[in-house]
$ cat input-v2.cif   # mmCIF, C-alpha atoms
data_protein
#
loop_
_atom_site.label_atom_id
_atom_site.label_comp_id
_atom_site.auth_asym_id
_atom_site.auth_seq_id
_atom_site.Cartn_x
_atom_site.Cartn_y
_atom_site.Cartn_z
CA MET A 213 -22.29 -16.82 15.28
CA THR A 214 -18.62 -17.56 14.78
CA SER A 215 -16.83 -19.11 11.85
CA GLY A 216 -13.35 -19.46 10.47
CA PRO A 217 -11.91 -17.21 7.78
CA ILE A 218 -12.18 -19.93 5.16
CA ASP A 219 -15.93 -20.11 5.79
CA ARG A 220 -16.43 -16.34 5.79
CA LEU A 221 -14.38 -15.09 2.86
CA SER A 222 -14.36 -16.29 -0.73
CA VAL A 223 -12.77 -14.88 -3.84
CA ILE A 224 -15.23 -14.74 -6.74
CA VAL A 225 -13.91 -15.08 -10.27
CA ASP A 226 -16.82 -14.28 -12.56
CA SER A 227 -17.21 -15.44 -16.14
CA ILE A 228 -15.72 -12.34 -17.76
CA SER A 229 -12.55 -12.28 -15.68
CA PRO A 230 -9.45 -12.17 -17.91
CA SER A 231 -7.80 -14.67 -15.58
CA ILE A 232 -9.98 -17.46 -17.03
CA GLN A 233 -8.89 -19.00 -20.32
CA TYR A 234 -11.55 -20.63 -22.49
CA GLU A 235 -11.10 -23.22 -25.21
CA GLY A 236 -13.84 -24.27 -27.61
CA ASP A 237 -17.05 -22.77 -28.95
CA TRP A 238 -18.43 -21.19 -25.79
CA THR A 239 -21.14 -18.58 -26.42
CA ASN A 240 -22.21 -15.58 -24.35
CA ALA A 241 -25.69 -15.48 -22.83
CA SER A 242 -27.38 -13.08 -20.43
CA PRO A 243 -29.33 -14.55 -17.48
CA THR A 244 -32.98 -14.81 -18.49
CA PRO A 245 -35.89 -13.97 -16.13
CA ASP A 246 -36.67 -17.64 -15.50
CA LYS A 247 -33.20 -18.12 -14.00
CA MET A 248 -34.03 -15.40 -11.47
CA ASN A 249 -37.12 -17.31 -10.34
CA MET A 250 -36.46 -19.81 -7.55
CA THR A 251 -39.65 -21.69 -8.41
CA GLU A 252 -38.11 -22.60 -11.78
CA PHE A 253 -34.40 -22.74 -10.92
CA ILE A 254 -33.23 -23.96 -7.52
CA GLY A 255 -30.81 -21.69 -5.70
CA GLU A 256 -29.99 -18.02 -5.85
CA PRO A 257 -29.77 -16.18 -9.20
CA PRO A 258 -26.62 -16.37 -11.33
CA PHE A 259 -23.88 -14.04 -10.17
CA SER A 260 -22.29 -13.03 -13.47
CA ASP A 261 -23.98 -10.61 -15.84
CA VAL A 262 -22.82 -12.76 -18.75
CA LEU A 263 -22.92 -16.56 -18.66
CA ARG A 264 -20.77 -18.81 -20.85
CA GLN A 265 -23.01 -21.40 -22.52
CA VAL A 266 -21.78 -24.91 -23.31
CA PRO A 267 -22.57 -25.94 -26.91
CA ARG A 268 -24.19 -29.29 -27.60
CA GLN A 269 -22.19 -32.22 -28.96
CA ASN A 270 -18.97 -30.28 -28.57
CA VAL A 271 -16.19 -30.48 -25.99
CA VAL A 272 -15.21 -27.18 -24.36
CA SER A 273 -12.96 -26.35 -21.44
CA LEU A 274 -11.75 -23.55 -19.22
CA SER A 275 -8.60 -23.14 -17.15
CA HIS A 276 -7.56 -20.85 -14.33
CA LYS A 277 -4.45 -20.33 -12.21
CA PHE A 278 -4.99 -19.34 -8.61
CA ASN A 279 -3.69 -19.25 -5.06
CA GLY A 280 -5.93 -20.78 -2.42
CA THR A 281 -6.92 -23.87 -0.48
CA ARG A 282 -10.22 -24.65 -2.22
CA ILE A 283 -11.85 -24.00 -5.58
CA GLN A 284 -15.29 -24.73 -6.96
CA VAL A 285 -16.70 -24.46 -10.49
CA GLN A 286 -20.28 -23.15 -10.42
CA GLY A 287 -22.86 -22.76 -13.14
CA THR A 288 -26.48 -23.05 -14.17
CA ILE A 289 -27.95 -26.28 -15.48
CA ALA A 290 -31.34 -26.98 -17.02
CA HIS A 291 -31.72 -30.75 -17.21
CA PRO A 292 -35.29 -32.09 -17.49
CA SER A 293 -34.12 -35.58 -18.46
CA LYS A 294 -33.94 -38.40 -15.90
CA THR A 295 -30.68 -39.68 -17.33
CA MET A 296 -27.26 -38.09 -17.49
CA GLY A 297 -27.01 -35.96 -20.60
CA TRP A 298 -23.56 -34.53 -19.99
CA LYS A 299 -20.12 -35.51 -18.74
CA ALA A 300 -17.16 -33.61 -17.37
CA THR A 301 -13.65 -33.97 -16.05
CA CYS A 302 -11.97 -31.65 -13.59
CA THR A 303 -8.34 -31.49 -12.51
CA VAL A 304 -6.32 -29.35 -10.14
CA ASP A 305 -2.58 -29.45 -10.73
CA GLY A 306 -3.16 -32.37 -13.11
CA ARG A 307 -5.01 -34.52 -10.55
CA ASN A 308 -8.66 -35.49 -10.83
CA VAL A 309 -11.01 -33.91 -8.29
CA ASP A 310 -14.64 -34.58 -7.42
CA VAL A 311 -17.19 -34.08 -10.21
CA TYR A 312 -20.75 -33.82 -8.94
CA LYS A 313 -23.65 -35.22 -10.96
CA ILE A 314 -27.17 -33.90 -11.28
CA TRP A 315 -30.16 -34.63 -13.52
CA GLY A 316 -33.89 -34.08 -13.61
CA ILE A 317 -33.83 -30.56 -12.15
CA SER A 318 -32.79 -27.00 -13.01
CA GLN A 319 -30.41 -25.23 -10.68
CA ASN A 320 -28.30 -22.09 -10.43
CA GLN A 321 -24.79 -22.04 -8.97
CA PHE A 322 -24.56 -25.82 -9.14
CA PRO A 323 -21.08 -27.00 -8.04
CA PHE A 324 -19.88 -28.99 -11.05
CA CYS A 325 -16.57 -29.83 -9.40
CA GLU A 326 -14.47 -28.93 -6.40
CA GLY A 327 -10.85 -29.15 -5.32
CA ARG A 328 -10.26 -29.14 -1.56
CA TYR A 329 -7.39 -29.26 0.94
CA LEU A 330 -4.97 -27.57 -1.44
CA SER A 331 -1.59 -26.24 -0.44
CA SER A 332 -1.70 -22.66 0.81
CA THR A 333 1.93 -21.96 -0.05
CA SER A 334 2.02 -22.59 -3.80
CA PRO A 335 -0.10 -21.58 -6.82
CA HIS A 336 -2.48 -24.05 -8.48
CA SER A 337 -3.96 -24.69 -11.91
CA LEU A 338 -7.57 -25.70 -12.58
CA ASN A 339 -8.79 -27.32 -15.79
CA PHE A 340 -12.48 -28.06 -16.33
CA THR A 341 -13.75 -29.89 -19.41
CA ILE A 342 -17.43 -30.49 -20.19
CA GLU A 343 -19.58 -31.89 -22.99
CA ILE A 344 -23.36 -32.03 -23.49
CA LEU A 345 -24.48 -35.34 -24.97
CA ASP A 346 -28.22 -34.87 -25.63
CA ASP A 347 -30.60 -32.24 -27.01
CA ASP A 348 -32.43 -31.50 -23.75
CA THR A 349 -29.64 -30.31 -21.47
CA ASN A 350 -28.47 -26.71 -21.21
CA ILE A 351 -25.45 -25.69 -19.16
CA TRP A 352 -23.94 -22.25 -18.49
CA PHE A 353 -20.73 -21.49 -16.63
CA ASP A 354 -21.23 -18.75 -14.03
CA ARG A 355 -18.20 -18.31 -11.74
CA LEU A 356 -15.34 -19.82 -9.76
CA MET A 357 -15.28 -19.67 -5.97
CA VAL A 358 -11.85 -19.73 -4.32
CA SER A 359 -11.02 -19.92 -0.62
CA PRO A 360 -7.98 -17.68 -0.26
CA ALA A 361 -4.91 -18.92 1.54
CA PRO A 362 -4.44 -17.68 5.13
CA PHE A 363 -2.73 -14.30 5.34
CA ASP A 364 -3.37 -13.69 1.65
CA ASN A 365 -2.98 -9.95 1.11
CA SER A 366 -3.60 -9.95 -2.64
CA ASP A 367 -5.94 -7.34 -4.08
CA HIS A 368 -8.61 -9.64 -5.44
CA PRO A 369 -11.13 -7.89 -7.72
CA ILE A 370 -14.24 -9.49 -6.14
CA VAL A 371 -14.47 -10.81 -2.58
CA GLN A 372 -17.55 -12.28 -0.88
CA VAL A 373 -17.99 -11.49 2.82
CA LEU A 374 -20.56 -13.58 4.69
CA HIS A 375 -22.86 -11.99 7.25
CA THR A 376 -20.89 -13.67 10.06
CA ASP A 377 -17.62 -11.90 9.32
CA PRO A 378 -16.32 -9.89 12.31
CA MET A 379 -15.54 -6.93 10.06
CA ILE A 380 -19.32 -6.35 9.94
CA SER A 381 -20.75 -4.59 13.04
CA TYR A 382 -24.41 -4.81 14.03
CA THR A 383 -26.43 -2.79 16.53
CA ASP A 384 -29.14 -4.39 18.66
CA HIS A 385 -32.31 -6.00 17.31
CA TRP A 386 -30.67 -8.12 14.58
CA LYS A 387 -31.80 -11.75 14.57
CA ASP A 388 -29.68 -14.66 13.39
CA TYR A 389 -31.35 -17.09 11.01
CA VAL A 390 -28.38 -19.33 10.08
CA THR A 391 -28.28 -18.19 6.46
CA GLY A 392 -28.42 -14.50 7.31
CA LEU A 393 -29.27 -11.78 9.79
CA TYR A 394 -32.42 -9.70 9.65
CA THR A 395 -34.16 -6.91 11.55
CA ASN A 396 -37.66 -5.45 11.58
CA VAL A 397 -36.89 -2.75 14.15
CA THR A 398 -36.72 0.76 12.74
CA GLY A 399 -33.37 2.42 13.33
CA SER A 400 -31.33 -0.80 13.40
CA LYS A 401 -27.91 -0.34 11.83
CA VAL A 402 -25.06 -2.35 10.38
CA SER A 403 -21.67 -0.99 9.35
CA ILE A 404 -18.46 -2.08 7.65
CA ASP A 405 -15.14 -0.51 6.78
CA PHE A 406 -13.67 -1.86 3.57
CA ASN A 407 -10.91 -1.31 1.05
CA GLY A 408 -12.26 -1.25 -2.47
CA THR A 409 -14.06 0.60 -5.22
CA ALA A 410 -17.67 -0.56 -4.65
CA LEU A 411 -19.82 -2.53 -2.21
CA ARG A 412 -22.82 -4.75 -2.96
CA TRP A 413 -25.48 -5.96 -0.51
CA TYR A 414 -27.19 -9.29 -1.20
CA THR A 415 -30.31 -9.97 0.80
CA ILE A 416 -32.36 -13.00 1.81
CA TYR A 417 -36.00 -13.56 2.69
CA GLU A 418 -37.93 -16.37 4.32
CA ALA A 419 -41.59 -16.35 5.24
CA THR A 420 -40.70 -17.07 8.86
CA PHE A 421 -38.96 -13.68 9.15
CA SER A 422 -42.21 -11.75 9.23
CA ALA A 423 -45.74 -11.82 7.91
CA VAL A 424 -45.13 -8.37 6.39
CA ARG A 425 -44.13 -8.55 2.72
CA SER A 426 -44.66 -4.95 1.62
CA GLN A 427 -41.95 -2.62 0.38
CA ALA A 428 -39.67 -1.07 2.99
CA LYS A 429 -37.01 1.62 3.02
CA GLY A 430 -33.45 2.01 4.17
CA THR A 431 -30.59 4.47 4.00
CA LEU A 432 -27.01 3.80 3.00
CA PHE A 433 -24.34 6.14 4.36
CA ILE A 434 -21.24 5.72 2.24
CA ASP A 435 -18.38 7.81 3.62
CA ASN A 436 -21.07 9.71 5.58
CA GLN A 437 -23.03 10.58 2.41
CA PRO A 438 -26.69 9.40 2.68
CA ILE A 439 -28.25 7.42 -0.17
CA PRO A 440 -31.85 6.18 0.35
CA PHE A 441 -32.84 2.83 -1.14
CA VAL A 442 -35.93 0.64 -1.42
CA ILE A 443 -36.35 -2.91 -0.13
CA PRO A 444 -38.71 -4.40 -2.74
CA GLU A 445 -41.97 -6.12 -1.97
CA ILE A 446 -42.12 -9.91 -1.71
CA LYS A 447 -44.78 -11.57 -3.85
CA PRO A 448 -47.37 -13.70 -2.00
CA SER A 449 -46.28 -16.85 -3.86
CA VAL A 450 -42.67 -16.57 -2.68
CA ASP A 451 -41.66 -18.23 0.59
CA VAL A 452 -37.89 -18.21 0.14
CA GLN A 453 -35.69 -15.77 -1.75
CA MET A 454 -31.89 -15.92 -1.66
CA GLY A 455 -29.11 -13.88 -3.21
CA GLU A 456 -31.18 -10.89 -4.35
CA LEU A 457 -29.00 -7.85 -5.06
CA LEU A 458 -30.43 -5.11 -2.86
CA PHE A 459 -28.04 -2.33 -3.85
CA ARG A 460 -24.60 -1.50 -5.17
CA THR A 461 -22.76 1.64 -4.15
CA PRO A 462 -21.65 4.17 -6.75
CA GLU A 463 -18.11 3.85 -8.06
CA LEU A 464 -15.64 4.87 -5.36
CA PRO A 465 -12.00 5.90 -5.57
CA PRO A 466 -9.66 3.05 -4.59
CA GLY A 467 -8.90 2.98 -0.89
CA LEU A 468 -10.57 2.76 2.50
CA HIS A 469 -14.27 3.54 2.82
CA SER A 470 -16.98 3.25 5.46
CA ALA A 471 -20.54 2.06 4.86
CA GLU A 472 -23.45 2.16 7.29
CA VAL A 473 -26.95 0.91 6.53
CA THR A 474 -30.00 1.96 8.54
CA TYR A 475 -33.36 0.23 8.40
CA ASP A 476 -36.09 2.89 8.05
CA GLY A 477 -38.93 0.38 8.37
CA PHE A 478 -42.49 0.61 7.00
CA GLY A 479 -42.51 -2.90 5.49
CA ARG A 480 -40.66 -6.19 5.16
CA PRO A 481 -37.52 -6.81 7.25
CA LEU A 482 -34.05 -5.82 6.16
CA ALA A 483 -31.82 -8.90 5.86
CA LEU A 484 -28.16 -9.45 5.04
CA TYR A 485 -27.09 -12.63 3.27
CA TYR A 486 -23.59 -11.54 2.23
CA LEU A 487 -21.63 -8.56 0.98
CA VAL A 488 -19.40 -8.32 -2.06
CA ILE A 489 -16.44 -5.97 -2.10
CA GLU A 490 -15.17 -4.89 -5.49
CA ASN A 491 -11.55 -3.84 -5.60
CA ILE A 492 -10.71 -2.57 -9.07
CA PRO A 493 -7.37 -0.81 -8.56
CA LYS A 494 -6.39 2.09 -10.74
CA ASN A 495 -3.25 1.85 -12.85
CA ARG A 496 -0.30 2.75 -10.70
CA THR A 497 2.86 4.16 -12.20
CA ILE A 498 6.18 4.75 -10.48
CA PRO A 499 7.31 8.34 -11.01
CA THR A 500 10.68 8.58 -12.71
CA VAL A 501 13.18 11.42 -12.85
CA PRO A 502 14.65 12.02 -16.32
CA PRO A 503 18.44 11.71 -16.37
CA THR A 504 20.50 14.88 -16.46
CA PHE A 505 23.38 15.00 -18.92
CA VAL A 506 26.29 17.30 -18.05
CA ASP A 507 28.57 18.73 -20.69
CA ASN A 508 31.87 19.73 -19.06
CA ASN A 509 32.73 21.98 -21.98
CA LYS A 510 29.79 24.27 -21.29
CA VAL A 511 29.69 26.95 -18.66
CA PRO A 512 26.59 26.92 -16.47
CA SER A 513 24.09 29.54 -17.54
CA SER A 514 23.57 30.60 -13.96
CA SER A 515 25.72 33.46 -12.72
CA VAL A 516 25.92 31.85 -9.28
CA ALA A 517 29.29 30.16 -8.88
CA ALA A 518 29.41 26.54 -7.78
CA PRO A 519 30.31 26.20 -4.11
CA ASN A 520 33.97 25.51 -3.33
CA PHE A 521 34.43 22.86 -0.67
CA GLY A 522 38.20 23.52 -0.37
CA ILE A 523 39.42 20.40 -2.19
CA SER A 524 41.96 21.08 -4.89
CA ARG A 525 41.91 19.44 -8.32
CA ALA A 526 45.03 17.42 -7.53
CA VAL A 527 43.51 16.06 -4.34
CA ARG A 528 40.31 15.13 -6.17
CA ILE A 529 42.33 13.23 -8.80
CA GLY A 530 44.27 11.43 -6.07
CA LEU A 531 41.07 10.43 -4.27
CA CYS A 532 39.51 9.14 -7.47
CA GLY A 533 42.63 7.14 -8.30
CA GLY A 534 42.78 5.62 -4.83
CA ILE A 535 39.11 4.68 -4.85
CA GLY A 536 39.47 3.13 -8.31
CA LEU A 537 42.46 1.04 -7.23
CA LEU A 538 40.63 -0.16 -4.10
CA ALA A 539 37.58 -1.14 -6.17
CA ALA A 540 39.75 -3.12 -8.58
CA ILE A 541 41.38 -5.02 -5.71
CA ILE A 542 37.98 -5.89 -4.23
CA ILE A 543 36.67 -7.14 -7.58
CA ILE A 544 39.73 -9.35 -8.12
CA ALA A 545 39.39 -10.83 -4.60
CA VAL A 546 35.68 -11.59 -5.15
CA LEU A 547 36.42 -13.31 -8.48
CA VAL A 548 39.17 -15.47 -6.94
CA LEU A 549 36.86 -16.49 -4.06
CA TYR A 550 33.99 -17.26 -6.47
CA ILE A 551 36.18 -19.46 -8.72
CA ARG A 552 37.57 -21.34 -5.71
CA ARG A 553 34.10 -22.06 -4.25
CA ARG A 554 32.78 -23.09 -7.64
CA ARG A 555 35.56 -25.67 -8.01
CA GLN A 556 34.85 -27.00 -4.51
CA ARG A 557 31.12 -27.29 -5.28
CA ARG A 558 31.85 -29.08 -8.58
CA ASN A 559 34.07 -31.62 -6.83
CA LEU A 560 31.38 -32.19 -4.18
CA GLU A 561 28.68 -32.75 -6.82
CA GLN A 562 30.86 -35.31 -8.62
CA SER A 563 31.39 -37.29 -5.42
CA THR A 564 27.84 -37.04 -4.02
CA THR A 565 24.49 -38.08 -5.53
CA GLN A 566 22.25 -35.01 -5.59
CA PRO A 567 18.56 -35.37 -4.59
CA PHE A 568 15.86 -34.29 -7.07
CA SER A 569 15.31 -30.56 -6.71
CA LEU A 570 11.72 -29.78 -5.75
CA SER A 571 12.11 -26.27 -7.08
CA PHE A 572 11.93 -27.65 -10.64
CA LEU A 573 8.53 -29.16 -9.86
CA SER A 574 6.95 -26.03 -8.43
CA LEU A 575 4.81 -23.74 -10.56
CA SER A 576 5.87 -20.22 -11.34
CA ALA A 577 4.68 -17.50 -8.98
CA LEU A 578 1.32 -16.01 -9.87
CA GLY A 579 0.56 -12.37 -9.25
CA PRO A 580 -2.89 -11.21 -8.19
CA PHE A 581 -5.36 -11.57 -11.05
CA ARG A 582 -7.25 -8.50 -12.16
CA ALA A 583 -10.70 -8.10 -13.67
CA THR A 584 -12.64 -5.37 -15.35
CA ASN A 585 -15.69 -4.00 -13.58
CA PRO A 586 -18.02 -7.02 -13.48
CA LYS A 587 -21.24 -5.03 -13.30
CA SER A 588 -20.73 -2.34 -15.90
CA THR A 589 -19.21 -4.12 -18.90
CA ALA A 590 -21.22 -4.09 -22.10
CA LEU A 591 -21.54 -7.37 -23.97
CA GLU A 592 -19.56 -6.12 -26.97
CA GLN A 593 -16.73 -5.01 -24.66
CA LEU A 594 -16.20 -8.42 -23.11
CA PRO A 595 -12.84 -10.09 -23.66
CA GLN A 596 -12.90 -12.58 -26.50
CA LEU A 597 -12.72 -16.27 -25.76
CA ARG A 598 -9.10 -17.30 -25.68
CA THR A 599 -7.31 -20.57 -26.32
CA ALA A 600 -5.50 -22.13 -23.40
CA GLN A 601 -1.75 -22.63 -23.59
CA PRO A 602 -0.52 -26.08 -24.73
CA GLU A 603 0.31 -27.17 -21.19
CA GLU A 604 -3.23 -26.27 -20.11
CA ASN A 605 -4.99 -28.49 -22.67
CA PRO A 606 -7.81 -30.48 -21.06
CA PRO A 607 -7.07 -34.10 -20.21
CA PRO A 608 -8.90 -36.86 -22.06
CA TYR A 609 -12.06 -38.25 -20.57
CA GLU A 610 -11.57 -41.14 -18.23
CA PRO A 611 -14.06 -44.00 -17.92
CA GLY A 612 -15.90 -44.49 -14.70
CA ILE A 613 -16.36 -40.91 -13.58
CA ARG A 614 -17.82 -40.78 -10.13
CA GLY A 615 -21.56 -41.16 -9.98
CA PRO A 616 -24.00 -39.15 -7.91
CA VAL A 617 -22.60 -38.05 -4.58
CA LYS A 618 -24.10 -36.31 -1.65
CA LEU A 619 -23.33 -32.63 -1.88
CA ARG A 620 -21.23 -31.13 0.84
CA ARG A 621 -21.90 -27.69 2.28
CA LEU A 622 -21.44 -25.15 -0.49
CA PHE A 623 -19.65 -21.84 -0.31
#

$ encode --input "input-v2.cif" --output "structure tokens"
Amino acid sequence: MTSGPIDRLSVIVDSISPSIQYEGDWTNASPTPDKMNMTEFIGEPPFSDVLRQVPRQNVVSLSHKFNGTRIQVQGTIAHPSKTMGWKATCTVDGRNVDVYKIWGISQNQFPFCEGRYLSSTSPHSLNFTIEILDDDTNIWFDRLMVSPAPFDNSDHPIVQVLHTDPMISYTDHWKDYVTGLYTNVTGSKVSIDFNGTALRWYTIYEATFSAVRSQAKGTLFIDNQPIPFVIPEIKPSVDVQMGELLFRTPELPPGLHSAEVTYDGFGRPLALYYLVIENIPKNRTIPTVPPTFVDNNKVPSSSVAAPNFGISRAVRIGLCGGIGLLAAIIIIAVLVLYIRRRRQRRNLEQSTTQPFSLSFLSLSALGPFRATNPKSTALEQLPQLRTAQPEENPPPYEPGIRGPVKLRRLF
């Protein structure tokens, strides 16, 4: 039950994140009930509360700057046709990356494209362009998944933690089922310490877990405060259910928190698929001290005399004059040394061919991107679609885009 950090942790950039720039006539759409039904749409439900729908017969694009070693564009597609009714291009740092093809099925969190094996030491830029060509296909953008660079200490707004992460502690009686861990033993516990403002638990169910499908109960202890919750009943027609949001903690103050979940039994098993840590930092301001202006012509209002350290006015003037003269000498010496070295460097550059500086090719440093609360933003409060900067314009379509490929293991 071990895995590397790249397999365990992923940064989620949902559709309403201000770090994503949209170009074109995207429209907002809420996930409909059919998208939550795995018998109609393959895969777990959409992650974002608001999906960005691709218009028909119209080219649209999105761009995003990030730090990480891997990125994937995910969305929902409803494509009943047996022929390709859409096309897309995808670039990372201006280079084409894999574009996956799908038709004839409907699927959530489909990986439209993916950039892998990216440098962990420099920022990257993603550009994804898509167009629907027929009247049968519907496509919605859901989220970006980013594998953070090793030793990345950025405060990412949304981070996915798989059930295998060592920061999650389990008691006895938890069973490993590859895609998740589950227990049907009353009193079993799982705990995690995290730094953030909220925690979400996403569950999983398979018929092989247990024959019991009825509603069960559990208790969440967040910072030692108990909160009971219900594990909903599984319908008889459902054999597999993935990515169901079991609960989300109340809003928490930024900082370290502890969460412990206890299975209280009386029904279906409790299972953990993955956790999501929200880290919405509050605005931090650096306290400043207003400057104090002293008027030498005014006598202090206080009756307490200023302390006398035994230095006369003449001595103070002499010290100030000496310090000023020494500072002037130092400044002149530094200027002479700087001019001399500059002339030497100029002579060396004229006699030696300089290699191309890689620093002019590197992208500017990117600070950690921030997002508003992804689960409590009203539709009318969402950021408006924005136009990408000129250098982020989508590249033209290229003929001969890769055909169907075998999908690799997803995030």

$ closest_residue --input "input-v2.cif" --among "A:Ala241, A:Ile342, A:Leu330, A:Ala483" --to "Thr395 in chain A" --atoms "only C-alpha atoms"
A:Ala483

$ closest_residue --input "input-v2.cif" --among "A:Thr341, A:Gln233, A:Gln286, A:Ser403" --to "Pro378 in chain A" --atoms "all atoms listed in the file"
A:Ser403

$ atom_distance --input "input-v2.cif" --atom1 "CA of Ser227 in chain A" --atom2 "CA of Asp261 in chain A"
8.3 Å

$ atom_distance --input "input-v2.cif" --atom1 "CA of Asp246 in chain A" --atom2 "CA of Val373 in chain A"
26.9 Å

$ atom_distance --input "input-v2.cif" --atom1 "CA of His375 in chain A" --atom2 "CA of Val488 in chain A"
10.6 Å

$ resolve_selection --input "input-v2.cif" --expression "the PyMOL selection byres ((chain A and resi 264) around 8)" --output "list in words"
Ser227, Trp238, Thr239, Asn240, Ala241, Val262, Leu263, Gln265, Val266, Trp352, Phe353 and Asp354 of chain A

$ decode --input "input-v2.cif" --residues "range 273-285 of chain A" --atoms "N, CA, C and O atoms" --output "tab-separated table (two decimals), in the first residue's frame"
chain	number	residue	atom	x	y	z
A	273	SER	N	-10.91	28.39	-26.14
A	273	SER	CA	-9.65	27.92	-25.57
A	273	SER	C	-9.56	28.37	-24.12
A	273	SER	O	-10.30	29.24	-23.65
A	274	LEU	N	-8.64	27.73	-23.41
A	274	LEU	CA	-8.32	28.13	-22.04
A	274	LEU	C	-6.81	28.02	-21.87
A	274	LEU	O	-6.13	27.25	-22.56
A	275	SER	N	-6.27	28.80	-20.97
A	275	SER	CA	-4.84	28.77	-20.69
A	275	SER	C	-4.61	28.85	-19.19
A	275	SER	O	-5.45	29.37	-18.44
A	276	HIS	N	-3.47	28.33	-18.77
A	276	HIS	CA	-3.17	28.28	-17.33
A	276	HIS	C	-1.66	28.19	-17.15
A	276	HIS	O	-0.98	27.43	-17.86
A	277	LYS	N	-1.14	28.96	-16.22
A	277	LYS	CA	0.28	28.88	-15.86
A	277	LYS	C	0.41	28.13	-14.54
A	277	LYS	O	-0.38	28.34	-13.61
A	278	PHE	N	1.42	27.28	-14.46
A	278	PHE	CA	1.51	26.40	-13.30
A	278	PHE	C	2.95	25.97	-13.06
A	278	PHE	O	3.81	26.09	-13.93
A	279	ASN	N	3.17	25.43	-11.89
A	279	ASN	CA	4.42	24.75	-11.54
A	279	ASN	C	4.09	23.29	-11.27
A	279	ASN	O	3.19	23.00	-10.48
A	280	GLY	N	4.80	22.38	-11.89
A	280	GLY	CA	4.53	20.97	-11.68
A	280	GLY	C	5.17	20.12	-12.74
A	280	GLY	O	5.76	20.63	-13.71
A	281	THR	N	5.06	18.81	-12.59
A	281	THR	CA	5.70	17.87	-13.50
A	281	THR	C	4.70	17.18	-14.43
A	281	THR	O	5.10	16.45	-15.32
A	282	ARG	N	3.40	17.44	-14.22
A	282	ARG	CA	2.38	16.78	-15.03
A	282	ARG	C	1.10	17.58	-14.95
A	282	ARG	O	0.77	18.13	-13.89
A	283	ILE	N	0.38	17.67	-16.05
A	283	ILE	CA	-0.91	18.37	-16.05
A	283	ILE	C	-1.87	17.64	-16.97
A	283	ILE	O	-1.46	17.08	-18.00
A	284	GLN	N	-3.13	17.64	-16.59
A	284	GLN	CA	-4.16	16.95	-17.36
A	284	GLN	C	-5.42	17.81	-17.40
A	284	GLN	O	-5.83	18.36	-16.38
A	285	VAL	N	-6.00	17.93	-18.60
A	285	VAL	CA	-7.25	18.65	-18.79
A	285	VAL	C	-8.39	17.64	-18.73
A	285	VAL	O	-8.43	16.70	-19.52
